[in-house]
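This is model-v7.txt (compact mmCIF, C-alpha atoms and all ligand atoms).
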```txt
# COMPACT_ATOMS: atom_id res chain seq x y z
CA MET T 1115 -4.03 85.25 130.46
CA SER T 1116 -2.92 88.72 131.36
CA ALA T 1117 -4.84 91.97 131.48
CA LYS T 1118 -4.16 94.70 128.94
CA LYS T 1119 -3.02 97.85 130.67
CA ASP T 1120 -5.22 100.86 131.33
CA LYS T 1121 -8.28 101.30 129.17
CA ASN T 1122 -10.18 104.57 128.94
CA GLU T 1123 -11.65 106.24 131.98
CA ASN T 1124 -15.04 107.86 132.19
CA GLU T 1125 -15.61 111.27 133.77
CA ASN T 1126 -16.34 109.91 137.23
CA SER T 1127 -13.19 107.88 137.32
CA GLY T 1128 -10.99 110.83 138.17
CA VAL T 1129 -13.14 111.71 141.17
CA SER T 1130 -13.28 108.14 142.49
CA ARG T 1131 -9.61 107.61 141.89
CA LYS T 1132 -8.71 110.74 143.85
CA LEU T 1133 -10.97 109.86 146.77
CA PHE T 1134 -9.74 106.30 147.01
CA GLU T 1135 -6.08 107.21 146.49
CA ASN T 1136 -6.51 109.56 149.40
CA LEU T 1137 -8.01 106.86 151.58
CA TYR T 1138 -5.22 104.42 150.80
CA ASN T 1139 -2.53 107.06 150.92
CA VAL T 1140 -2.28 108.09 154.53
CA ASN T 1141 -2.61 104.83 156.31
CA PRO T 1142 -3.83 101.87 154.32
CA GLU T 1143 -4.17 99.80 157.47
CA LYS T 1144 -6.94 102.06 158.63
CA VAL T 1145 -9.25 101.74 155.67
CA PRO T 1146 -12.67 101.03 157.17
CA TRP T 1147 -13.24 97.84 155.18
CA GLY T 1148 -10.35 96.03 156.82
CA TYR T 1149 -6.85 95.19 155.79
CA ASN T 1150 -5.49 91.79 156.73
CA THR T 1151 -8.25 89.23 156.81
CA PRO T 1152 -10.45 88.15 153.92
CA ASP T 1153 -14.06 89.22 153.84
CA ALA T 1154 -16.17 87.17 156.26
CA ASP T 1155 -18.80 86.46 153.61
CA ILE T 1156 -16.54 84.99 150.94
CA ILE T 1157 -14.98 82.34 153.20
CA PRO T 1158 -18.11 80.24 153.79
CA LEU T 1159 -19.24 80.81 150.24
CA ILE T 1160 -16.29 79.78 148.12
CA ASP T 1161 -16.14 76.17 149.31
CA LYS T 1162 -19.80 75.70 148.65
CA LEU T 1163 -19.88 76.84 145.05
CA ASP T 1164 -18.89 74.34 142.41
CA VAL T 1165 -16.00 76.43 141.18
CA PRO T 1166 -13.22 74.18 139.82
CA PRO T 1167 -9.95 74.25 141.79
CA ASN T 1168 -8.01 75.79 138.90
CA ALA T 1169 -10.71 78.37 138.19
CA ARG T 1170 -9.93 81.83 136.93
CA VAL T 1171 -11.21 84.27 139.53
CA LEU T 1172 -11.42 88.06 139.39
CA ASP T 1173 -11.26 90.19 142.54
CA ALA T 1174 -13.15 93.26 141.29
CA GLY T 1175 -12.14 96.44 143.13
CA CYS T 1176 -9.52 94.34 144.89
CA GLY T 1177 -8.16 97.13 147.10
CA ASN T 1178 -5.01 95.95 148.88
CA GLY T 1179 -5.70 92.36 147.79
CA LYS T 1180 -6.82 90.88 151.11
CA ASN T 1181 -9.44 88.76 149.35
CA SER T 1182 -7.08 87.93 146.48
CA VAL T 1183 -4.63 86.42 148.96
CA TYR T 1184 -7.38 84.13 150.20
CA LEU T 1185 -8.51 83.23 146.67
CA ARG T 1186 -4.93 82.49 145.65
CA GLU T 1187 -4.50 80.26 148.71
CA LYS T 1188 -7.55 78.32 147.56
CA GLY T 1189 -5.61 77.54 144.38
CA PHE T 1190 -7.48 79.81 141.98
CA GLU T 1191 -5.77 81.67 139.17
CA THR T 1192 -6.47 85.06 140.69
CA TYR T 1193 -6.72 88.46 138.98
CA GLY T 1194 -7.56 91.83 140.44
CA PHE T 1195 -8.22 95.39 139.37
CA ASP T 1196 -8.77 98.61 141.23
CA ILE T 1197 -9.09 102.25 140.29
CA SER T 1198 -6.49 103.21 142.88
CA SER T 1199 -2.86 102.73 141.91
CA LYS T 1200 -1.94 102.82 145.60
CA ALA T 1201 -4.27 99.91 146.28
CA ILE T 1202 -2.80 98.01 143.35
CA ALA T 1203 0.71 98.63 144.64
CA PHE T 1204 -0.33 97.09 147.99
CA ALA T 1205 -1.96 94.17 146.21
CA HIS T 1206 1.29 93.52 144.34
CA LYS T 1207 3.12 93.61 147.62
CA SER T 1208 0.77 90.97 149.04
CA ILE T 1209 1.08 88.75 145.95
CA PRO T 1210 4.21 89.77 144.01
CA THR T 1211 3.38 87.45 141.11
CA GLY T 1212 -0.29 88.48 141.08
CA ASP T 1213 -1.99 89.88 138.00
CA PHE T 1214 -3.28 93.19 139.33
CA VAL T 1215 -4.05 96.22 137.17
CA VAL T 1216 -5.26 99.74 137.64
CA ALA T 1217 -8.59 99.83 135.82
CA ASP T 1218 -12.03 101.34 136.02
CA ALA T 1219 -14.90 98.89 136.51
CA VAL T 1220 -16.80 100.54 133.66
CA SER T 1221 -14.18 99.63 131.08
CA LEU T 1222 -12.16 96.54 131.84
CA PRO T 1223 -9.00 95.24 130.17
CA TYR T 1224 -10.14 91.59 129.96
CA ALA T 1225 -11.39 89.50 127.08
CA GLU T 1226 -14.95 88.16 126.73
CA GLU T 1227 -16.15 85.33 129.00
CA VAL T 1228 -12.87 84.52 130.71
CA PHE T 1229 -13.75 84.32 134.43
CA ASP T 1230 -15.28 81.41 136.33
CA LEU T 1231 -15.97 83.63 139.32
CA ILE T 1232 -16.08 87.39 139.80
CA VAL T 1233 -15.98 88.57 143.39
CA ASP T 1234 -17.14 92.09 144.17
CA VAL T 1235 -16.75 93.00 147.83
CA GLY T 1236 -17.65 96.65 148.23
CA LEU T 1237 -16.99 97.82 144.69
CA LEU T 1238 -20.44 98.34 143.18
CA HIS T 1239 -21.68 100.23 146.23
CA SER T 1240 -18.73 102.61 145.80
CA ILE T 1241 -19.64 103.43 142.20
CA PRO T 1242 -22.00 106.31 141.33
CA PRO T 1243 -25.41 105.25 139.94
CA ASP T 1244 -24.74 106.62 136.47
CA ALA T 1245 -21.90 104.11 136.10
CA TRP T 1246 -23.86 101.04 137.26
CA GLU T 1247 -25.09 100.11 133.77
CA SER T 1248 -21.55 100.09 132.34
CA TYR T 1249 -20.30 98.12 135.35
CA LYS T 1250 -22.99 95.51 134.76
CA LYS T 1251 -22.26 95.34 131.04
CA GLU T 1252 -18.59 94.72 131.73
CA THR T 1253 -19.31 92.10 134.40
CA ASN T 1254 -21.64 90.30 132.02
CA ARG T 1255 -19.11 90.51 129.18
CA ILE T 1256 -16.16 88.96 131.04
CA LEU T 1257 -18.04 86.28 133.02
CA LYS T 1258 -18.13 82.75 131.54
CA PRO T 1259 -21.65 81.49 130.79
CA LYS T 1260 -21.38 78.96 133.63
CA GLY T 1261 -19.46 81.35 135.87
CA TYR T 1262 -20.59 82.89 139.12
CA TYR T 1263 -20.75 86.51 140.10
CA PHE T 1264 -20.68 87.23 143.82
CA LEU T 1265 -21.77 90.69 144.94
CA ARG T 1266 -21.41 91.97 148.49
CA SER T 1267 -22.65 95.42 149.32
CA PHE T 1268 -24.28 97.38 152.05
CA HIS T 1269 -27.97 96.73 152.42
CA ARG T 1270 -30.43 99.50 151.54
CA PRO T 1271 -33.67 99.38 153.55
CA LEU T 1272 -36.73 98.94 151.34
CA ASN T 1273 -38.25 102.32 152.17
CA TYR T 1274 -34.98 104.24 151.87
CA PRO T 1275 -35.03 107.07 149.25
CA PRO T 1276 -33.63 105.56 146.04
CA ASP T 1277 -31.41 108.51 145.16
CA LYS T 1278 -29.81 108.85 148.59
CA PRO T 1279 -26.47 107.25 149.49
CA ILE T 1280 -26.60 104.91 152.44
CA LEU T 1281 -23.40 106.18 154.02
CA TYR T 1282 -20.68 108.71 153.47
CA GLU T 1283 -17.06 107.99 153.75
CA ASN T 1284 -14.68 110.46 155.27
CA THR T 1285 -11.08 110.80 156.37
CA ASP T 1286 -10.16 112.45 159.67
CA GLN T 1287 -7.14 114.65 160.30
CA THR T 1288 -4.94 111.70 161.14
CA GLY T 1289 -5.82 110.04 157.87
CA ARG T 1290 -8.05 107.44 159.47
CA SER T 1291 -11.02 106.83 157.24
CA TYR T 1292 -14.48 106.07 158.54
CA PHE T 1293 -18.13 105.84 157.56
CA GLU T 1294 -20.85 108.16 158.72
CA ARG T 1295 -24.45 108.83 157.95
CA ASP T 1296 -24.42 112.63 157.75
CA PRO T 1297 -25.36 113.56 154.21
CA ASN T 1298 -24.65 117.27 154.63
CA LYS T 1299 -20.92 117.15 154.40
CA GLU T 1300 -18.97 116.81 151.22
CA GLN T 1301 -17.90 113.26 151.46
CA PHE T 1302 -17.69 110.19 149.45
CA PRO T 1303 -21.12 108.57 148.94
CA ILE T 1304 -21.54 104.84 149.44
CA TRP T 1305 -24.65 103.33 147.85
CA GLY T 1306 -26.43 100.25 149.03
CA PHE T 1307 -28.83 97.77 147.48
CA ASN T 1308 -31.78 95.68 148.49
CA ILE T 1309 -33.02 92.44 147.04
CA PRO T 1310 -35.90 93.76 144.85
CA GLN T 1311 -33.56 96.41 143.48
CA ILE T 1312 -30.89 93.82 142.67
CA ARG T 1313 -33.40 91.49 141.02
CA ASP T 1314 -34.61 94.30 138.85
CA PHE T 1315 -31.19 95.70 137.99
CA PHE T 1316 -29.57 92.35 137.25
CA LYS T 1317 -32.45 91.03 135.15
CA GLU T 1318 -30.03 89.45 132.67
CA PHE T 1319 -28.52 87.31 135.41
CA LYS T 1320 -30.07 84.33 137.14
CA ILE T 1321 -30.10 85.05 140.85
CA ARG T 1322 -28.97 81.93 142.62
CA VAL T 1323 -28.62 82.94 146.25
CA GLU T 1324 -29.54 86.15 147.95
CA ARG T 1325 -29.48 87.06 151.57
CA TYR T 1326 -28.77 89.92 153.84
CA SER T 1327 -27.43 90.00 157.33
CA ASN T 1328 -26.17 92.43 159.87
CA LEU T 1329 -23.05 90.51 160.74
CA GLY T 1330 -20.23 92.67 161.98
CA GLY T 1331 -22.28 95.86 162.16
CA GLY T 1332 -24.02 97.51 159.23
CA ASP T 1333 -26.52 95.54 157.19
CA ARG T 1334 -24.93 93.65 154.38
CA LEU T 1335 -26.40 92.12 151.31
CA TYR T 1336 -24.93 89.31 149.33
CA VAL T 1337 -26.05 87.81 146.10
CA VAL T 1338 -24.68 85.03 143.93
CA MET T 1339 -25.65 85.19 140.29
CA SER T 1340 -24.84 83.49 137.04
CA LYS T 1341 -25.79 83.84 133.42
CA GLU T 1342 -26.75 80.21 133.07
CA GLU T 1343 -30.25 79.01 133.83
CA LYS T 1344 -30.24 76.47 136.68
CA LYS T 1345 -32.88 73.87 137.21
CA GLY T 1346 -34.61 74.56 140.53
CA LYS T 1347 -32.80 75.19 143.73
CA GLY T 1348 -30.52 72.19 143.95
CA PRO T 1349 -28.41 70.94 146.87
CA TRP T 1350 -25.77 73.59 146.15
CA TYR T 1351 -28.35 76.24 147.04
CA LYS T 1352 -29.01 74.75 150.48
CA ARG T 1353 -25.28 74.31 151.02
CA VAL T 1354 -24.65 77.97 150.32
CA LEU T 1355 -27.41 79.12 152.61
CA LYS T 1356 -26.26 76.91 155.47
CA THR T 1357 -23.54 79.23 156.70
C1 LIG B 1401 -14.86 99.29 149.89
S1 LIG B 1401 -13.34 99.09 149.03
C2 LIG B 1401 -13.20 97.33 149.01
C3 LIG B 1401 -11.84 96.84 148.63
C4 LIG B 1401 -11.68 95.30 148.61
N1 LIG B 1401 -12.64 94.66 147.76
C5 LIG B 1401 -11.75 94.74 150.01
O1 LIG B 1401 -12.73 94.01 150.31
O2 LIG B 1401 -10.85 95.03 150.80
C6 LIG B 1401 -13.84 99.51 147.37
C7 LIG B 1401 -12.72 99.46 146.36
O3 LIG B 1401 -13.23 99.78 145.06
C8 LIG B 1401 -12.30 100.59 144.37
N2 LIG B 1401 -13.05 101.35 143.34
C9 LIG B 1401 -13.94 102.36 143.55
N3 LIG B 1401 -14.44 102.77 142.38
C10 LIG B 1401 -13.87 101.99 141.42
C11 LIG B 1401 -14.01 101.92 140.01
N4 LIG B 1401 -14.81 102.74 139.34
N5 LIG B 1401 -13.28 100.99 139.35
C12 LIG B 1401 -12.44 100.16 140.02
N6 LIG B 1401 -12.27 100.18 141.35
C13 LIG B 1401 -12.98 101.10 142.04
C14 LIG B 1401 -11.67 101.45 145.45
O4 LIG B 1401 -10.42 101.97 145.10
C15 LIG B 1401 -11.60 100.46 146.62
O5 LIG B 1401 -10.37 99.78 146.67
```

Would you write the structure of this file as structure tokens?
Amino acid sequence: MSAKKDKNENENSGVSRKLFENLYNVNPEKVPWGYNTPDADIIPLIDKLDVPPNARVLDAGCGNGKNSVYLREKGFETYGFDISSKAIAFAHKSIPTGDFVVADAVSLPYAEEVFDLIVDVGLLHSIPPDAWESYKKETNRILKPKGYYFLRSFHRPLNYPPDKPILYENTDQTGRSYFERDPNKEQFPIWGFNIPQIRDFFKEFKIRVERYSNLGGGDRLYVVMSKEEKKGKGPWYKRVLKT
């Protein structure tokens, strides 16, 4: 399978693309979400899900491909997309034979129900709220009925104002990018989610595991979902939670 090149962009895409290109441009090794090592939450998770060894896996908002490298090492047929062409160029450098495309999460160049696992580490929380519905529609469209969708985002406290970003992302004069909580500056908003919000938003999905932690600074939420109904909380559920 290979992704069709660039589909249409929505209005927000230009803004996101510019902001992220900027972040990756100056010094990609200083992006605040890390560069070399795979995300700490996907490592314990992947082995515990019953994803077949030759599964087709999508790294959504793959950035420089640090998680794709890990997924590829696990033997998965790995795909990735990102709105930033700089990020995609780095991903290609990490995996020269990888199938990485520049694409917007709201309009993806993949066919229906093709992925066994979709991994989103930090993508949805980088997307403005008015694009969430389209993101979800696309995720639902390309995920196999028995597939898994793993979402990792910042955690939003329950009493936090719903229309307020959880953090802002900025770049200093040396090009180093960082997060801060000052909402008065013109920066790049990062959203966050909490469990009731996720349950409500992803009503079409069956939530299979949900948890949040404050590992590594900053509260993080992770949720595993699928479209298929599962009977009860089987042994896989306990396995996943025992991290
Ligand atoms: C927080 S970074 C995480 C990158 C990667 N998943 C990782 O863990 O290193 C979020 C990524 O989402 C990408 N992104 C933001 N908005 C996007 C959109 N609308 N469509 C596709 N990618 C987007 C950014 O370019 C960036 O690479």

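Atom to atom, CA of Lys1341 (chain T) and CA of Phe1315 (chain T) stand 13.8 Å apart.
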
Kindly provide, as a PyMOL selection string, all nucleotide and amino acid residues lying within 8 Å of ligand LIG 1401 (chain B), counting all atoms listed in the file.
-> chain T and resi 1126-1127+1130-1131+1134-1135+1146-1149+1152-1153+1173-1181+1195-1198+1201+1216-1220+1234-1241+1245

Length of the CA of Asn1308 (chain T) to CA of Pro1271 (chain T) vector [Å] | 6.5 Å

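Take CA of Lys1258 (chain T) and CA of Tyr1184 (chain T): the distance between them is 21.6 Å.
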
Show me as a ChimeraX atom specification the residues that reach within 9 Å of (-21.7, 83.4, 142.8), counting all atoms listed in the file and using the file's own coordinates.
-> /T:1159-1160,1163,1231-1233,1261-1265,1321-1323,1337-1340

If we count all atoms listed in the file, what is near region 1246-1256 of chain T at a cut-off of 7 Å, once residues fewer than 2 positions away on the same chain are taken out, given as a VMD selection string?
-> chain T and resid 1219 to 1222 1224 to 1229 1241 to 1244 1258

Output C-alpha atoms for every residue in that selection, as a PDB file, keeping the file's coordinate frame.
```pdb
ATOM      1  CA  ALA T1219     -14.900  98.890 136.510  1.00  0.00           C
ATOM      2  CA  VAL T1220     -16.800 100.540 133.660  1.00  0.00           C
ATOM      3  CA  SER T1221     -14.180  99.630 131.080  1.00  0.00           C
ATOM      4  CA  LEU T1222     -12.160  96.540 131.840  1.00  0.00           C
ATOM      5  CA  TYR T1224     -10.140  91.590 129.960  1.00  0.00           C
ATOM      6  CA  ALA T1225     -11.390  89.500 127.080  1.00  0.00           C
ATOM      7  CA  GLU T1226     -14.950  88.160 126.730  1.00  0.00           C
ATOM      8  CA  GLU T1227     -16.150  85.330 129.000  1.00  0.00           C
ATOM      9  CA  VAL T1228     -12.870  84.520 130.710  1.00  0.00           C
ATOM     10  CA  PHE T1229     -13.750  84.320 134.430  1.00  0.00           C
ATOM     11  CA  ILE T1241     -19.640 103.430 142.200  1.00  0.00           C
ATOM     12  CA  PRO T1242     -22.000 106.310 141.330  1.00  0.00           C
ATOM     13  CA  PRO T1243     -25.410 105.250 139.940  1.00  0.00           C
ATOM     14  CA  ASP T1244     -24.740 106.620 136.470  1.00  0.00           C
ATOM     15  CA  LYS T1258     -18.130  82.750 131.540  1.00  0.00           C
TER      16      LYS T1258
END
```

For each of T:Tyr1336, T:Lys1188, T:Arg1313, T:Ile1304, take the minimum atom-to-atom distance to Asp1161 (chain T), counting all atoms listed in the file, then give the residue where this is smallest.
-> T:Lys1188

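Distances to Trp1305 (chain T) were evaluated for T:Leu1281, T:Val1145, T:Ile1157, T:Val1165 using all atoms listed in the file, and the minimum falls at T:Leu1281.
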
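Here the question is which of T:Lys1162, T:Leu1133, T:Ala1169, T:Val1215 gets nearest to Glu1283 (chain T) using all atoms listed in the file, and that residue is T:Leu1133.
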